[in-house]
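Participant: This is the structure, below, for whatever I ask next.
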Amino acid sequence: MSLNKLTIKEARDGLRQKKFSSLELTKACLEQIKKHNPTLNAFITVCEKEALETAKKSDELASQGDALKAMPLLGIPIAFKDLFSTKGIKTTAASKVLNNYIPTYDATVVKKLKDAGAIIIGKTNCDAWAHGSSGENSDFGPTKNPWNTEYVPGGSSSGSAASLVADMCLASTGTDTGGSIRLPASFCNVVGLKPTYGRVSRYGIIAMASSLDSIGHFTKTVEDSALLLNVIAGKDEFDATTPGVDVQNYIKNLNAGVKDIKIGIPKEYIAKGLDKTVQTRFEQALRALESLGAIIQEISLPHTEYGIAVYYIIQPSEVSSNLARYDGIRYGHGREKFGDEAKRRIMLGTYTLSAGYYDAYYKKAMQVRTLIKKDFDEAFTKVDAIVTPVSPTPPWKLGEKVSDPLKMYLSDIFTVTANLAGIPGLSVPMGFEGGLPVGMQVLGPQFSEELLFSVGHLYEQAIDWHNQKPKL
Ligand code: GLN
């Protein structure tokens, strides 16, 4: 098997047993990028020179005793969404406004991954400023879905999901403000983790909507996802929203199983708008969970129908404030302008925060946000976890929704509520429709990542979807 196809766990084992070097592994990823990035457009920047140098250093370190033990990701090539500040490496947020911006520091997550030995293989394409669900809002052109290049890979972390399923890296990072990790994970057939709000530091990540942004990652297996969270989770003195809640060893209880675990299916999600083919796949997934010993029961999240309206008030409000710094004086060079989607959100957010409308829109939305959170609190007194499809439809064709923002926003209907409630969600492959993948998300109470991993890991043993790869 080509080295770039390995999971993190397999690569670590191989490196430890000296079956191959990090340099060989890194070269295999770079070759795959060279071959397929011209078609897929998954990367904005490829860090060939730096990656090869770091790989050589990793191999030297590995030969000197215990480094492989102390550094859990030593020599592993990882791709970073171009929203993550990387010291000395261009970081654009996929917007020309930040064309040629080179950060002078690393985001906390980048630093933690580097300290653990990870190699930055490149910076991935995404919707500009993470605004979008399809990857088509990038100023650097859309990323294509590796399963069928006429289709969207899901967004906003489009390049991170596409590059991973195309085996250009062993894992990739993403941000999820309203679904931007779970949706592309689902549309590309990889595992995506949106951690609890505050579990992972936001410091150094270009902000979209600060009360909703969660920092997470894409991996080929649930086990790899747990492994990465072990490295990046925890309190950060640079991000006051990271609490001191203990970081578990997320690998330890992966095999805890789901026997007698109660899993809720929100009846509001199975209602109108859910594509029949997605529903069929979902029912199959539920039977798989049941056969593993889980108890499936119907629950209600009564305020679900307000999710999109609430999200598309709170999020643009915060966007309008966060984007104010790119005024050509503090950041940005002032020559390049914001794209249509960013302008739309700045205008919406400025309006909903304005003196005359604040109470009617922003304040009201914040009140309903509390009701949405209470729905989840109430549900989690009855069930341990909740599962739902990630998206009401399979991936759509490039161009299909670009001229209709409202239609695009509606694709986030199943994902935004987790961000509004601050709870974690794990997206896992759930099968295919017309050759294109769809995914299921497992949601749990705040800081229940360990439970999500054990549900996802066991489910993965019962299905084979995650082992399917696109023909490139
Ligand atoms: N699709 C949603 C939006 O455009 C979510 C984006 C995200 O999670 N970054 O707002």
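By order of appearance in the structure tokens: chains A, B, ..., then residues from 1 within every chain, and ligands from 1 in the order shown.
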Report as JSON lines: every residue of chain A with an atom at most 9 Å from ligand 1, its closest pair of atoms, and their distance in Å to one decimal, counting only C-alpha atoms and all ligand atoms, with rows sorted by chain and ascending residue number.

Facilitator:
```
{"residue": "A:Asp127", "atom": "CA", "partner": "ligand 1", "partner_atom_place_in_ligand_line": "9 (N)", "distance": 8.2}
{"residue": "A:Trp129", "atom": "CA", "partner": "ligand 1", "partner_atom_place_in_ligand_line": "9 (N)", "distance": 7.7}
{"residue": "A:Ala130", "atom": "CA", "partner": "ligand 1", "partner_atom_place_in_ligand_line": "9 (N)", "distance": 4.3}
{"residue": "A:His131", "atom": "CA", "partner": "ligand 1", "partner_atom_place_in_ligand_line": "4 (O)", "distance": 4.1}
{"residue": "A:Gly132", "atom": "CA", "partner": "ligand 1", "partner_atom_place_in_ligand_line": "4 (O)", "distance": 3.4}
{"residue": "A:Ser133", "atom": "CA", "partner": "ligand 1", "partner_atom_place_in_ligand_line": "1 (N)", "distance": 4.0}
{"residue": "A:Ser134", "atom": "CA", "partner": "ligand 1", "partner_atom_place_in_ligand_line": "1 (N)", "distance": 7.8}
{"residue": "A:Gly154", "atom": "CA", "partner": "ligand 1", "partner_atom_place_in_ligand_line": "1 (N)", "distance": 8.9}
{"residue": "A:Gly155", "atom": "CA", "partner": "ligand 1", "partner_atom_place_in_ligand_line": "1 (N)", "distance": 6.5}
{"residue": "A:Ser156", "atom": "CA", "partner": "ligand 1", "partner_atom_place_in_ligand_line": "9 (N)", "distance": 5.4}
{"residue": "A:Ser157", "atom": "CA", "partner": "ligand 1", "partner_atom_place_in_ligand_line": "9 (N)", "distance": 7.4}
{"residue": "A:Gly174", "atom": "CA", "partner": "ligand 1", "partner_atom_place_in_ligand_line": "9 (N)", "distance": 8.8}
{"residue": "A:Thr175", "atom": "CA", "partner": "ligand 1", "partner_atom_place_in_ligand_line": "9 (N)", "distance": 6.1}
{"residue": "A:Asp176", "atom": "CA", "partner": "ligand 1", "partner_atom_place_in_ligand_line": "8 (O)", "distance": 3.9}
{"residue": "A:Thr177", "atom": "CA", "partner": "ligand 1", "partner_atom_place_in_ligand_line": "8 (O)", "distance": 3.4}
{"residue": "A:Gly178", "atom": "CA", "partner": "ligand 1", "partner_atom_place_in_ligand_line": "8 (O)", "distance": 3.7}
{"residue": "A:Gly179", "atom": "CA", "partner": "ligand 1", "partner_atom_place_in_ligand_line": "8 (O)", "distance": 4.2}
{"residue": "A:Ser180", "atom": "CA", "partner": "ligand 1", "partner_atom_place_in_ligand_line": "8 (O)", "distance": 3.6}
{"residue": "A:Ile181", "atom": "CA", "partner": "ligand 1", "partner_atom_place_in_ligand_line": "8 (O)", "distance": 6.8}
{"residue": "A:Arg182", "atom": "CA", "partner": "ligand 1", "partner_atom_place_in_ligand_line": "8 (O)", "distance": 8.5}
{"residue": "A:Leu183", "atom": "CA", "partner": "ligand 1", "partner_atom_place_in_ligand_line": "1 (N)", "distance": 8.4}
{"residue": "A:Met208", "atom": "CA", "partner": "ligand 1", "partner_atom_place_in_ligand_line": "9 (N)", "distance": 6.9}
{"residue": "A:Ala209", "atom": "CA", "partner": "ligand 1", "partner_atom_place_in_ligand_line": "9 (N)", "distance": 8.4}
{"residue": "A:Leu212", "atom": "CA", "partner": "ligand 1", "partner_atom_place_in_ligand_line": "8 (O)", "distance": 8.4}
{"residue": "A:Asp213", "atom": "CA", "partner": "ligand 1", "partner_atom_place_in_ligand_line": "8 (O)", "distance": 7.3}
{"residue": "A:Ser214", "atom": "CA", "partner": "ligand 1", "partner_atom_place_in_ligand_line": "8 (O)", "distance": 8.4}
{"residue": "A:Tyr311", "atom": "CA", "partner": "ligand 1", "partner_atom_place_in_ligand_line": "10 (O)", "distance": 7.9}
{"residue": "A:Tyr312", "atom": "CA", "partner": "ligand 1", "partner_atom_place_in_ligand_line": "10 (O)", "distance": 7.3}
{"residue": "A:Gln315", "atom": "CA", "partner": "ligand 1", "partner_atom_place_in_ligand_line": "10 (O)", "distance": 6.9}
{"residue": "A:Pro316", "atom": "CA", "partner": "ligand 1", "partner_atom_place_in_ligand_line": "10 (O)", "distance": 8.1}
{"residue": "A:Glu341", "atom": "CA", "partner": "ligand 1", "partner_atom_place_in_ligand_line": "4 (O)", "distance": 8.9}
{"residue": "A:Met408", "atom": "CA", "partner": "ligand 1", "partner_atom_place_in_ligand_line": "1 (N)", "distance": 7.7}
{"residue": "A:Tyr409", "atom": "CA", "partner": "ligand 1", "partner_atom_place_in_ligand_line": "1 (N)", "distance": 6.3}
{"residue": "A:Leu410", "atom": "CA", "partner": "ligand 1", "partner_atom_place_in_ligand_line": "1 (N)", "distance": 8.8}
{"residue": "A:Ser411", "atom": "CA", "partner": "ligand 1", "partner_atom_place_in_ligand_line": "1 (N)", "distance": 7.6}
{"residue": "A:Asp412", "atom": "CA", "partner": "ligand 1", "partner_atom_place_in_ligand_line": "1 (N)", "distance": 5.8}
{"residue": "A:Thr415", "atom": "CA", "partner": "ligand 1", "partner_atom_place_in_ligand_line": "5 (C)", "distance": 8.3}
{"residue": "A:Val416", "atom": "CA", "partner": "ligand 1", "partner_atom_place_in_ligand_line": "5 (C)", "distance": 7.3}
{"residue": "A:Asn419", "atom": "CA", "partner": "ligand 1", "partner_atom_place_in_ligand_line": "8 (O)", "distance": 8.6}
```

Participant: What's around Asn253 in chain A at 7 Å? Count only C-alpha atoms, leave out sequence neighbours fewer than 3 positions away in its own chain, and write the answer as a PyMOL selection string.

Facilitator: chain A and resi 250+256+454

Participant: Ranking A:Gly204, A:Gly431, A:Ser403, A:Arg199 by minimum distance to Gln248 in chain A and counting only C-alpha atoms, which one comes first?

Facilitator: A:Arg199

Participant: So which bits of range 164-276 of chain A end up alpha helix (DSSP H) when you DSSP the backbone, as JSON, numbers by chain?

Facilitator: {"A": [164, 165, 182, 183, 184, 185, 186, 187, 188, 222, 223, 224, 225, 226, 227, 228, 229, 230, 231, 232, 276]}

Participant: Check range 163-357 of chain A with DSSP on the backbone and list each residue it calls strand (DSSP E or B), as number ranges by chain.

Facilitator: A: 171-176, 191-194, 200, 205, 214-219, 233, 236, 239, 262-266, 295-299

Participant: Report as a list in words all protein, DNA and RNA residues lying within 8 Å of range 275-277 of chain A, evaluated on only C-alpha atoms, omitting residues in the same chain fewer than 6 positions from it.

Facilitator: Pro392, Thr393, Pro394 and Glu433 of chain A

Participant: Just the residues within 10 Å of Ile270 in chain A, please, counting only C-alpha atoms, with nothing from its chain fewer than 2 positions along; format it as JSON, numbers by chain.

Facilitator: {"A": [265, 266, 267, 268, 272, 273, 274, 275, 276, 279, 282, 388, 389, 392]}

Participant: Mind checking which residues fall within 9 Å of Gly75 in chain A, counting only C-alpha atoms, ignoring those fewer than 3 positions away in the same chain, and posting them as a ChimeraX atom specification?

Facilitator: /A:11-12,15,21-23,25-26,54-59,62,68,117-119

Participant: Go ahead and save the residues from that selection, with N, CA, C and O atoms, as a compact mmCIF listing (two decimals), in the first residue's frame.

Facilitator:
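Saved to selection_17.txt:
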```
# COMPACT_ATOMS: atom_id res chain seq x y z
N ALA A 11 0.78 4.62 10.44
CA ALA A 11 2.05 5.28 10.12
C ALA A 11 2.97 5.30 11.34
O ALA A 11 4.17 5.05 11.24
N ARG A 12 2.38 5.57 12.51
CA ARG A 12 3.19 5.56 13.75
C ARG A 12 3.82 4.21 13.98
O ARG A 12 5.00 4.10 14.31
N LEU A 15 6.59 3.68 11.47
CA LEU A 15 7.78 4.49 11.77
C LEU A 15 8.54 3.89 12.95
O LEU A 15 9.77 3.80 12.93
N SER A 21 10.61 5.63 6.49
CA SER A 21 10.99 6.86 7.21
C SER A 21 9.91 7.92 7.01
O SER A 21 9.05 7.80 6.13
N SER A 22 9.99 8.95 7.84
CA SER A 22 9.05 10.06 7.67
C SER A 22 9.29 10.75 6.33
O SER A 22 8.35 11.26 5.71
N LEU A 23 10.55 10.76 5.90
CA LEU A 23 10.85 11.39 4.60
C LEU A 23 10.10 10.66 3.48
O LEU A 23 9.50 11.30 2.61
N LEU A 25 7.37 8.88 3.81
CA LEU A 25 5.94 9.14 4.02
C LEU A 25 5.56 10.52 3.48
O LEU A 25 4.55 10.69 2.78
N THR A 26 6.38 11.51 3.80
CA THR A 26 6.11 12.89 3.38
C THR A 26 6.20 13.01 1.87
O THR A 26 5.37 13.67 1.23
N THR A 54 11.52 19.22 7.60
CA THR A 54 11.04 18.75 8.91
C THR A 54 11.04 17.23 8.95
O THR A 54 11.31 16.63 9.99
N ALA A 55 10.70 16.60 7.82
CA ALA A 55 10.68 15.13 7.79
C ALA A 55 12.08 14.57 8.07
O ALA A 55 12.24 13.62 8.84
N LYS A 56 13.08 15.19 7.46
CA LYS A 56 14.46 14.73 7.69
C LYS A 56 14.81 14.87 9.17
O LYS A 56 15.39 13.95 9.78
N LYS A 57 14.44 16.02 9.74
CA LYS A 57 14.74 16.25 11.16
C LYS A 57 14.00 15.22 12.03
O LYS A 57 14.53 14.73 13.02
N SER A 58 12.75 14.91 11.64
CA SER A 58 11.97 13.93 12.41
C SER A 58 12.67 12.58 12.40
O SER A 58 12.72 11.89 13.43
N ASP A 59 13.18 12.20 11.23
CA ASP A 59 13.86 10.91 11.14
C ASP A 59 15.11 10.88 12.03
O ASP A 59 15.40 9.88 12.68
N ALA A 62 13.92 10.57 15.56
CA ALA A 62 13.40 9.23 15.81
C ALA A 62 14.52 8.22 16.04
O ALA A 62 14.36 7.25 16.78
N LEU A 68 10.01 9.11 19.53
CA LEU A 68 8.75 8.60 18.99
C LEU A 68 7.71 8.36 20.08
O LEU A 68 6.52 8.49 19.85
N GLY A 117 5.24 16.79 16.99
CA GLY A 117 6.03 16.21 15.91
C GLY A 117 5.39 16.25 14.53
O GLY A 117 5.98 15.79 13.55
N ALA A 118 4.17 16.82 14.42
CA ALA A 118 3.48 16.82 13.12
C ALA A 118 4.22 17.69 12.11
O ALA A 118 4.89 18.66 12.48
N ILE A 119 4.08 17.32 10.84
CA ILE A 119 4.70 18.08 9.75
C ILE A 119 3.59 18.82 9.00
O ILE A 119 2.58 18.22 8.63
```

Participant: Excluding range 328-332 of chain A and any residue of its chain fewer than 3 positions from it, enumerate the residues within 9 Å of it, using only C-alpha atoms, and give them as a PyMOL selection string.

Facilitator: chain A and resi 96-99+101+325+335-336

Participant: Please provide as an MDAnalysis selection string all residues within 10 Å of Pro72 in chain A, with the sequence filter that same-chain residues fewer than 6 positions apart are discarded (counting only C-alpha atoms).

Facilitator: chainID A and resid 8:9 12 113 115:118 227:228 230:231

Participant: Take the residues that were just selected and, keeping C-alpha atoms, output them as a PDB file, in the first residue's frame.

Facilitator:
```pdb
ATOM      1  CA  ILE A   8      -1.948   8.008  11.680  1.00  0.00           C
ATOM      2  CA  LYS A   9      -1.934   4.909  13.834  1.00  0.00           C
ATOM      3  CA  ARG A  12       3.193   5.561  13.747  1.00  0.00           C
ATOM      4  CA  LEU A 113       0.663  19.714  16.789  1.00  0.00           C
ATOM      5  CA  ASP A 115       5.422  20.141  19.374  1.00  0.00           C
ATOM      6  CA  ALA A 116       3.929  16.656  19.043  1.00  0.00           C
ATOM      7  CA  GLY A 117       6.031  16.208  15.909  1.00  0.00           C
ATOM      8  CA  ALA A 118       3.480  16.821  13.125  1.00  0.00           C
ATOM      9  CA  LEU A 227      -5.503  10.555  19.095  1.00  0.00           C
ATOM     10  CA  LEU A 228      -5.446  14.104  17.696  1.00  0.00           C
ATOM     11  CA  ASN A 230      -5.452  14.070  22.974  1.00  0.00           C
ATOM     12  CA  VAL A 231      -2.845  16.438  21.554  1.00  0.00           C
TER      13      VAL A 231
END
```

Participant: Could you work out how far CA of Thr221 in chain A lies from CA of Glu150 in chain A, giving the answer in Å with one decimal?

Facilitator: 26.1 Å

Participant: Interatomic distance between CA of Phe338 in chain A and CA of Asp359 in chain A?

Facilitator: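 Rounded to one decimal, the two atoms are 28.1 Å apart.
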
Participant: Which residue, A:Gln367, A:Thr149, A:Thr143, A:Thr104, has the smallest gap to Gly435 in chain A when you use only C-alpha atoms?

Facilitator: A:Thr149
